[in-house]
Structures are given as structure tokens and as C-alpha cells.
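*Asks:* Structure: coords35.cif, mmCIF, C-alpha atoms.
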```cif
data_entry
#
loop_
_atom_site.label_atom_id
_atom_site.label_comp_id
_atom_site.auth_asym_id
_atom_site.auth_seq_id
_atom_site.Cartn_x
_atom_site.Cartn_y
_atom_site.Cartn_z
CA MET R 1 112.40 224.89 227.95
CA ALA R 2 115.42 222.98 226.70
CA GLN R 3 118.21 224.73 224.86
CA SER R 4 117.89 225.09 221.12
CA PRO R 5 120.23 222.62 219.40
CA ILE R 6 121.10 224.70 216.34
CA LEU R 7 124.53 223.94 214.86
CA ASP R 8 126.81 226.41 213.11
CA THR R 9 126.18 226.46 209.37
CA ASP R 10 128.97 224.84 207.37
CA ASP R 11 129.42 223.83 203.72
CA ASP R 12 128.03 220.36 204.38
CA ALA R 13 124.81 221.95 205.61
CA ARG R 14 124.68 224.25 202.59
CA SER R 15 125.24 221.32 200.23
CA LEU R 16 122.51 219.31 201.89
CA ALA R 17 120.12 222.23 201.59
CA ARG R 18 120.91 222.56 197.88
CA ARG R 19 120.46 218.83 197.34
CA LEU R 20 117.04 218.87 199.01
CA ILE R 21 115.91 221.78 196.85
CA ASP R 22 117.43 220.41 193.62
CA THR R 23 115.89 216.96 193.95
CA ALA R 24 112.43 217.91 195.23
CA ARG R 25 109.55 216.97 192.93
CA HIS R 26 106.89 217.97 195.43
CA GLY R 27 106.58 219.68 198.75
CA ALA R 28 104.17 220.63 201.51
CA LEU R 29 103.05 224.24 201.30
CA GLY R 30 101.81 226.01 204.41
CA VAL R 31 99.65 229.12 204.14
CA ARG R 32 97.19 230.96 206.36
CA ASP R 33 93.49 230.62 205.62
CA PRO R 34 92.50 234.15 204.56
CA GLU R 35 89.23 233.98 206.52
CA THR R 36 90.37 232.40 209.77
CA GLY R 37 94.16 232.80 209.77
CA HIS R 38 94.37 229.07 210.53
CA PRO R 39 97.38 227.19 209.10
CA LEU R 40 96.63 225.11 205.99
CA VAL R 41 99.12 222.63 204.53
CA SER R 42 98.70 221.14 201.07
CA ARG R 43 100.68 219.35 198.39
CA VAL R 44 102.39 221.26 195.60
CA ALA R 45 104.55 220.04 192.75
CA VAL R 46 108.03 221.59 192.76
CA ALA R 47 110.86 222.25 190.33
CA THR R 48 113.56 224.94 190.34
CA ASP R 49 114.11 228.13 188.39
CA ALA R 50 117.40 229.16 186.76
CA ALA R 51 118.63 230.54 190.07
CA GLY R 52 118.02 227.19 191.71
CA MET R 53 115.08 228.36 193.78
CA PRO R 54 111.87 226.34 194.03
CA VAL R 55 108.84 227.03 191.87
CA SER R 56 105.40 225.43 191.88
CA LEU R 57 102.65 225.32 189.30
CA VAL R 58 99.32 225.97 191.01
CA SER R 59 95.65 226.23 190.09
CA ASP R 60 93.43 229.18 190.94
CA LEU R 61 90.92 226.61 192.20
CA SER R 62 93.14 225.43 195.04
CA HIS R 63 92.88 226.65 198.61
CA HIS R 64 96.57 227.56 198.76
CA THR R 65 96.41 229.73 195.65
CA GLN R 66 93.36 231.58 196.92
CA ALA R 67 95.01 232.05 200.30
CA LEU R 68 98.31 233.30 198.86
CA ALA R 69 96.52 235.80 196.61
CA VAL R 70 95.38 237.50 199.82
CA ASP R 71 98.30 236.73 202.16
CA PRO R 72 101.63 235.71 200.56
CA ALA R 73 103.33 234.52 203.77
CA CYS R 74 104.11 230.84 203.35
CA SER R 75 106.38 227.96 204.19
CA LEU R 76 107.51 225.07 201.99
CA LEU R 77 108.75 221.75 203.34
CA LEU R 78 111.01 219.76 201.01
CA GLY R 79 112.70 216.40 201.46
CA GLU R 80 110.71 213.19 201.47
CA PRO R 81 111.41 210.25 203.76
CA GLY R 82 111.59 206.84 202.17
CA ALA R 83 109.09 204.11 203.00
CA ARG R 84 111.38 202.49 205.58
CA GLY R 85 113.01 203.43 208.84
CA ASP R 86 112.28 206.31 211.13
CA PRO R 87 110.83 209.17 209.08
CA LEU R 88 112.56 211.66 211.39
CA THR R 89 116.05 210.50 210.43
CA HIS R 90 115.55 211.63 206.82
CA PRO R 91 116.80 215.13 205.98
CA ARG R 92 114.32 217.88 205.18
CA ILE R 93 114.24 221.63 204.90
CA THR R 94 111.60 224.17 205.86
CA LEU R 95 111.69 227.28 203.71
CA ILE R 96 110.16 230.44 205.16
CA ALA R 97 109.08 232.59 202.29
CA THR R 98 106.85 235.10 200.61
CA ALA R 99 105.05 233.80 197.54
CA ARG R 100 104.99 235.64 194.25
CA PHE R 101 102.85 234.64 191.25
CA LEU R 102 104.15 234.46 187.70
CA ARG R 103 101.20 234.28 185.30
CA HIS R 104 100.78 233.44 181.64
CA GLY R 105 102.14 236.19 179.44
CA GLU R 106 104.31 237.77 182.12
CA PRO R 107 108.04 238.18 181.46
CA GLY R 108 109.90 234.93 182.10
CA HIS R 109 106.82 232.70 182.06
CA ALA R 110 107.68 230.92 178.81
CA GLU R 111 111.28 230.22 179.87
CA LEU R 112 110.17 228.94 183.25
CA ALA R 113 107.47 226.78 181.63
CA ALA R 114 110.04 225.06 179.41
CA ARG R 115 112.30 224.42 182.37
CA TYR R 116 109.44 223.22 184.53
CA LEU R 117 108.20 220.71 181.93
CA ASP R 118 111.67 219.27 181.75
CA ARG R 119 111.31 218.34 185.41
CA GLN R 120 107.56 217.71 185.54
CA PRO R 121 106.69 216.46 182.03
CA LYS R 122 103.15 215.37 182.96
CA ALA R 123 102.30 218.99 183.78
CA LYS R 124 102.03 219.67 180.04
CA LEU R 125 98.43 218.42 180.36
CA TYR R 126 97.46 221.56 182.27
CA LEU R 127 100.33 224.06 182.27
CA GLY R 128 98.67 225.93 179.40
CA PHE R 129 95.34 226.38 181.19
CA ALA R 130 94.56 229.99 182.01
CA ASP R 131 93.93 229.20 185.69
CA PHE R 132 97.40 227.69 186.26
CA SER R 133 100.19 230.01 187.37
CA PHE R 134 103.69 229.64 188.69
CA LEU R 135 104.42 230.36 192.29
CA ARG R 136 107.88 231.58 193.19
CA TYR R 137 109.20 231.70 196.71
CA ASP R 138 111.23 234.61 198.06
CA VAL R 139 112.99 232.75 200.86
CA THR R 140 114.01 234.75 203.91
CA ARG R 141 115.13 231.89 206.12
CA ALA R 142 115.43 228.10 206.05
CA LEU R 143 115.36 225.56 208.84
CA LEU R 144 117.42 222.54 207.82
CA ASN R 145 117.06 219.28 209.67
CA GLY R 146 119.57 216.62 208.66
CA GLY R 147 118.27 214.11 211.22
CA PHE R 148 118.38 214.02 215.00
CA GLY R 149 120.85 216.51 216.42
CA LYS R 150 121.56 218.05 213.01
CA ALA R 151 119.53 221.26 212.91
CA TYR R 152 120.67 224.42 211.14
CA ASP R 153 119.21 227.87 210.65
CA LEU R 154 120.10 229.15 207.17
CA GLY R 155 119.82 232.49 205.43
CA PRO R 156 119.14 233.10 201.73
CA ASP R 157 122.86 233.31 200.95
CA ASP R 158 123.37 229.81 202.29
CA LEU R 159 120.93 228.52 199.67
CA ALA R 160 122.51 230.23 196.66
CA LEU R 161 123.79 228.03 193.84
CA ARG R 162 127.50 227.50 194.47
CA ASN R 163 128.40 226.96 190.85
CA PRO R 164 125.85 228.70 188.64
CA SER R 165 126.23 227.55 185.06
CA GLY R 166 128.76 229.62 183.14
CA SER R 167 130.43 230.90 186.27
CA SER R 168 133.60 229.79 187.95
CA GLY R 169 132.24 230.79 191.36
CA MET Q 1 87.84 233.59 190.30
CA ALA Q 2 86.77 230.18 189.07
CA GLN Q 3 84.11 228.19 190.88
CA SER Q 4 85.20 225.87 193.66
CA PRO Q 5 85.15 222.27 192.41
CA ILE Q 6 84.13 220.56 195.67
CA LEU Q 7 82.25 217.28 195.19
CA ASP Q 8 79.54 215.90 197.47
CA THR Q 9 81.04 213.66 200.14
CA ASP Q 10 80.26 209.97 199.59
CA ASP Q 11 81.46 206.73 201.16
CA ASP Q 12 84.29 206.40 198.66
CA ALA Q 13 85.62 209.76 199.82
CA ARG Q 14 85.26 208.74 203.48
CA SER Q 15 87.07 205.46 202.82
CA LEU Q 16 89.89 207.24 201.04
CA ALA Q 17 90.24 209.68 203.94
CA ARG Q 18 90.43 206.76 206.41
CA ARG Q 19 92.99 204.96 204.26
CA LEU Q 20 95.21 208.05 204.10
CA ILE Q 21 95.08 208.46 207.88
CA ASP Q 22 95.50 204.75 208.63
CA THR Q 23 98.54 204.28 206.41
CA ALA Q 24 100.40 207.52 207.17
CA ARG Q 25 103.80 207.08 208.79
CA HIS Q 26 104.67 210.75 208.56
CA GLY Q 27 103.08 214.03 207.64
CA ALA Q 28 103.73 217.73 207.15
CA LEU Q 29 102.66 219.82 210.11
CA GLY Q 30 101.82 223.49 209.65
CA VAL Q 31 101.87 225.88 212.58
CA ARG Q 32 102.21 229.62 213.07
CA ASP Q 33 105.51 231.00 214.32
CA PRO Q 34 104.63 232.37 217.76
CA GLU Q 35 106.75 235.49 217.23
CA THR Q 36 105.85 236.44 213.67
CA GLY Q 37 102.65 234.50 212.93
CA HIS Q 38 104.34 233.26 209.75
CA PRO Q 39 103.40 229.75 208.57
CA LEU Q 40 105.98 227.06 209.37
CA VAL Q 41 105.79 223.54 207.92
CA SER Q 42 107.87 220.68 209.27
CA ARG Q 43 108.02 216.90 209.22
CA VAL Q 44 106.36 214.85 211.95
CA ALA Q 45 106.09 211.10 212.40
CA VAL Q 46 102.48 209.88 212.56
CA ALA Q 47 100.54 206.91 213.88
CA THR Q 48 96.91 206.63 215.02
CA ASP Q 49 95.25 206.40 218.41
CA ALA Q 50 92.52 203.89 219.32
CA ALA Q 51 89.90 206.15 217.78
CA GLY Q 52 91.79 206.13 214.50
CA MET Q 53 92.90 209.72 214.75
CA PRO Q 54 96.49 210.76 214.03
CA VAL Q 55 99.09 211.24 216.74
CA SER Q 56 102.68 212.43 216.54
CA LEU Q 57 105.61 212.11 218.91
CA VAL Q 58 107.41 215.45 219.12
CA SER Q 59 110.40 216.94 220.90
CA ASP Q 60 110.28 220.08 223.01
CA LEU Q 61 113.35 221.20 221.05
CA SER Q 62 111.50 221.45 217.76
CA HIS Q 63 110.07 224.63 216.32
CA HIS Q 64 106.62 223.11 215.86
CA THR Q 65 106.37 221.98 219.49
CA GLN Q 66 107.41 225.39 220.77
CA ALA Q 67 104.93 227.07 218.42
CA LEU Q 68 102.03 224.79 219.36
CA ALA Q 69 102.66 225.30 223.07
CA VAL Q 70 101.76 228.95 222.46
CA ASP Q 71 99.26 228.65 219.59
CA PRO Q 72 97.64 225.22 219.04
CA ALA Q 73 96.07 225.99 215.64
CA CYS Q 74 97.63 223.62 213.12
CA SER Q 75 97.20 221.65 209.92
CA LEU Q 76 98.51 218.21 209.06
CA LEU Q 77 99.00 216.99 205.49
CA LEU Q 78 98.95 213.20 205.03
CA GLY Q 79 99.34 211.06 201.92
CA GLU Q 80 102.69 210.73 200.19
CA PRO Q 81 103.15 210.63 196.44
CA GLY Q 82 105.33 207.89 195.05
CA ALA Q 83 108.59 208.62 193.25
CA ARG Q 84 106.98 208.43 189.80
CA GLY Q 85 104.30 210.25 187.86
CA ASP Q 86 102.67 213.57 188.56
CA PRO Q 87 102.79 214.23 192.32
CA LEU Q 88 99.42 215.99 192.08
CA THR Q 89 97.57 212.87 190.95
CA HIS Q 90 98.31 211.12 194.28
CA PRO Q 91 95.61 211.40 196.95
CA ARG Q 92 96.26 213.44 200.07
CA ILE Q 93 94.32 214.98 202.91
CA THR Q 94 94.74 218.26 204.77
CA LEU Q 95 93.53 218.09 208.35
CA ILE Q 96 92.59 221.37 210.00
CA ALA Q 97 93.02 220.90 213.71
CA THR Q 98 93.84 222.10 217.17
CA ALA Q 99 96.81 220.36 218.77
CA ARG Q 100 96.72 218.91 222.25
CA PHE Q 101 99.76 217.54 224.10
CA LEU Q 102 99.78 214.25 225.98
CA ARG Q 103 102.84 214.11 228.22
CA HIS Q 104 104.63 211.40 230.17
CA GLY Q 105 102.61 210.34 233.18
CA GLU Q 106 99.31 211.73 231.94
CA PRO Q 107 96.32 209.39 231.65
CA GLY Q 108 96.48 207.35 228.46
CA HIS Q 109 100.16 208.03 227.74
CA ALA Q 110 101.34 204.48 228.41
CA GLU Q 111 98.61 202.92 226.24
CA LEU Q 112 99.29 205.32 223.43
CA ALA Q 113 103.04 204.72 223.70
CA ALA Q 114 102.55 200.96 223.27
CA ARG Q 115 100.33 201.50 220.27
CA TYR Q 116 102.69 204.06 218.77
CA LEU Q 117 105.74 201.80 219.06
CA ASP Q 118 103.85 199.10 217.23
CA ARG Q 119 103.66 201.47 214.26
CA GLN Q 120 106.94 203.34 214.73
CA PRO Q 121 109.27 200.80 216.40
CA LYS Q 122 112.40 202.93 215.97
CA ALA Q 123 110.85 205.59 218.20
CA LYS Q 124 111.70 203.42 221.21
CA LEU Q 125 115.13 205.06 221.09
CA TYR Q 126 113.64 208.36 222.31
CA LEU Q 127 110.00 207.88 223.28
CA GLY Q 128 111.03 207.64 226.94
CA PHE Q 129 112.94 210.93 226.95
CA ALA Q 130 111.32 213.56 229.16
CA ASP Q 131 111.27 216.12 226.35
CA PHE Q 132 109.24 213.93 223.99
CA SER Q 133 105.45 214.21 224.12
CA PHE Q 134 102.55 213.03 222.05
CA LEU Q 135 100.61 215.48 219.99
CA ARG Q 136 96.96 214.74 219.34
CA TYR Q 137 94.93 216.54 216.72
CA ASP Q 138 91.35 217.67 217.34
CA VAL Q 139 90.24 217.82 213.73
CA THR Q 140 87.51 220.29 212.84
CA ARG Q 141 87.62 219.93 209.06
CA ALA Q 142 89.49 218.02 206.37
CA LEU Q 143 90.21 218.88 202.76
CA LEU Q 144 90.53 215.67 200.76
CA ASN Q 145 92.13 215.70 197.35
CA GLY Q 146 91.87 212.41 195.48
CA GLY Q 147 93.60 213.80 192.39
CA PHE Q 148 92.53 216.36 189.79
CA GLY Q 149 88.81 217.09 189.93
CA LYS Q 150 88.33 214.99 193.08
CA ALA Q 151 88.19 217.49 195.93
CA TYR Q 152 86.03 217.03 199.03
CA ASP Q 153 85.39 219.06 202.16
CA LEU Q 154 84.93 216.69 205.12
CA GLY Q 155 83.77 217.12 208.68
CA PRO Q 156 84.96 215.18 211.73
CA ASP Q 157 82.11 212.67 211.40
CA ASP Q 158 83.29 211.75 207.92
CA LEU Q 159 86.64 210.70 209.40
CA ALA Q 160 85.25 208.47 212.17
CA LEU Q 161 86.21 204.81 212.16
CA ARG Q 162 83.39 202.96 210.42
CA ASN Q 163 83.96 199.66 212.23
CA PRO Q 164 85.63 200.34 215.57
CA SER Q 165 86.92 197.12 217.07
CA GLY Q 166 84.34 195.41 219.24
CA SER Q 167 81.46 197.25 217.64
CA SER Q 168 79.07 196.14 214.97
CA GLY Q 169 78.73 199.68 213.64
#
```
When written as C-alpha cells, how does the structure in this file appear?
*Replies:*
Amino acid sequence: MAQSPILDTDDDARSLARRLIDTARHGALGVRDPETGHPLVSRVAVATDAAGMPVSLVSDLSHHTQALAVDPACSLLLGEPGARGDPLTHPRITLIATARFLRHGEPGHAELAARYLDRQPKAKLYLGFADFSFLRYDVTRALLNGGFGKAYDLGPDDLALRNPSGSSG
Amino acid sequence: MAQSPILDTDDDARSLARRLIDTARHGALGVRDPETGHPLVSRVAVATDAAGMPVSLVSDLSHHTQALAVDPACSLLLGEPGARGDPLTHPRITLIATARFLRHGEPGHAELAARYLDRQPKAKLYLGFADFSFLRYDVTRALLNGGFGKAYDLGPDDLALRNPSGSSG
């Protein structure tokens, strides 16, 4: 098998990762079917929480929600190609994560809901429904692909906000 | 848990599934990491073969190719939201499949390469490289989501071309 072409992580790679997370409005969520263990990929809407990490608003009726309630191992692909050109030249990031639900009435739900609606205003039609919950992603690793020959293997620290609001760091 | 809102499959659903497959230029491929079993989702370019089923051109260097060489269970999400509106109102389809490689020199590779380049012309830059192979998907089931309240559970027959070229059927 050919050698793995992973580059050393630098600040350009970290900035690209942040940009992909910050600008994502949707992503592809991979889970394991709880009955068969088979991979299942489906669309989720995405915004970020105050720490800059992705969150989704999901329905209890969906396959991914039912799967994650049993088995929280998941992966989230962010970064959409445009309509033109080679789709593989567009940057994208694969987050490897464990999902965690945040339900109505739990601490932080109201704050996250306000932030989420700012980014996904049409979600106000259903955000209040009892069967919709937030999904947070505890990311353990991220595979960044900036286009051919530009692959990076990132850790959670590489994804941290560089300039959190109110901080000089 | 709430009741599953799966509708009866009709010809409109089958046509929508075909349209999503026919027009896809890329998709999100879910595999299981061969070491950890964790879901991994990554971008693949997509075209169709003569039977109208999706094919991707993948590099041996990529995580998904290395995973599928060990464990061919996979899922492919097709159907991209536009830049506007609620991403969850846009139709998409989750294919549940087993991957099969078609490598340089194997029967059918040359024909598929010609067809693929017609759809993905920029792939001519690397299609000839020894470490690039086609990935075919033997689809066992498909979860179609035409937007809120429009979920269908399709079998392989529902995805078949309705009017294959040269046939009256």
C-alpha cells in the first residue's frame, strides 16, 4: 500500500479547519445502524456553539438520532464543493466524534437555541417541538483535506477557537 | 419513541431517487475505520455506470479506500442542498451498500473510465494513475428523504433505471 501523505499540521491547516466549521450550514453525519452495525450517512443542519464546535438540531424520528441514542460513535463531514470543477479539489474536514444530546429544558439549551436560530432562522418552525434535540459533537480527531496532496490529521486542540470573544489569546 | 413516518413508495419517490443519483457529482461516503470500527465520512466524486448506479473514483491513499479494502460495508449520501433556505428541506438519499473495487485492467474498466470522464472531465488528470480505482456500490436499501414528512424506504428494484437505453421498458 502506498505511503500515507499526511502533512505536518501548521497554522494554515488550523485556520482552514476553523473556516470549514465556522461556515458550515449542513453536513453529512455518519453513524452505525444499531441493528446491523452498517454505516449510515445522512444530512444534518449545522451551526456552532459558543466554543466554536458544531451542533445539529435533530428529530427523534430520524434514523441517525435513533442510532446515536444507542451508539454515540459518529463522524461529521463538513465543507461543500461548489457546482463547478472537480469536487475533490474543494476543502473538507471529517470530524471523528462522540455525539451528546442536549434536550429541551437541559442547562444551556435556551442559549444554544438562540444562537442556533441566528444561523438557521428557518429552524424556528420546529426547534420548539418536543422531539427535536440538539446534538453536540465531542471531537477526538479530525481529518482535513485541503485538496489533492493537502491532507492533515488534527487533534481537538488544533480545532480550538484561536481568538475566543473577550480573550486576547 | 415516536412512530416512524415512512410513506408508501410510489413512482414519484422512485423518480426522485433516480434524479438524485443521476445528477450527483459528489457524495458523502461512510465507512467503518478498520482499526476502531468508528464511522468515518468523507467526500467522494460520483458518476453513474451504464445501469444507472453510482460509481466513484478513489485513491489507495485515502482513508475510505483503505477501510473498504478491509470492510466493504458502506453508505453513500447523495443530494446537495443549495446555499439558501433550510438545508433539511432539500431532498437527499442515503444508499446502504457494499463496495466493490474495479481496478485498472479488469473487465469493464475502460468502458467505465470513458463514461466517468464524460461526467467528471477533470478526473483525466489522475484517472490513469495506478493507485486510482473505481468503487461500485451494491445497494441493498435506500433511505429517501424528500424533505420534512417525506421519508421513504426503498429497495434495489425501486432504484432501477425505468427506461434503460435500447429498451422499451
*Asks:* Can you list, as a VMD selection string, the residues that the PyMOL selection byres ((chain R) within 8 of (chain Q)) selects here?
*Replies:* chain R and resid 1 to 5 25 to 26 28 to 32 38 to 45 60 to 61 73 to 77 85 to 88 92 to 94 96 120 122 to 123 131
*Asks:* Hey, what comes out of the PyMOL selection byres ((chain R and resi 153) around 6) on this file? Could you write it as number ranges by chain?
*Replies:* R: 142-143, 152, 154
*Asks:* For the structure provided, state which residues fall under the PyMOL selection byres ((chain R and resi 12) around 12), and present them as a CSV table (one decimal) with C-alpha atoms, in the coordinates of the input.
*Replies:*
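Wrote it out as selection_33.csv, contents follow:
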```
chain,number,residue,atom,x,y,z
R,7,LEU,CA,124.5,223.9,214.9
R,8,ASP,CA,126.8,226.4,213.1
R,9,THR,CA,126.2,226.5,209.4
R,10,ASP,CA,129.0,224.8,207.4
R,11,ASP,CA,129.4,223.8,203.7
R,13,ALA,CA,124.8,222.0,205.6
R,14,ARG,CA,124.7,224.2,202.6
R,15,SER,CA,125.2,221.3,200.2
R,16,LEU,CA,122.5,219.3,201.9
R,17,ALA,CA,120.1,222.2,201.6
R,18,ARG,CA,120.9,222.6,197.9
R,19,ARG,CA,120.5,218.8,197.3
R,144,LEU,CA,117.4,222.5,207.8
R,146,GLY,CA,119.6,216.6,208.7
R,150,LYS,CA,121.6,218.0,213.0
R,152,TYR,CA,120.7,224.4,211.1
R,158,ASP,CA,123.4,229.8,202.3
R,159,LEU,CA,120.9,228.5,199.7
```
*Asks:* Out of Q:Gly52, Q:Pro34, Q:Gly105, Q:Gly149, which residue has the shortest atom-to-atom distance to Phe134 in chain Q when counting all atoms listed in the file?
*Replies:*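 That would be Q:Gly105, the residue with the smallest distance to Phe134 in chain Q.
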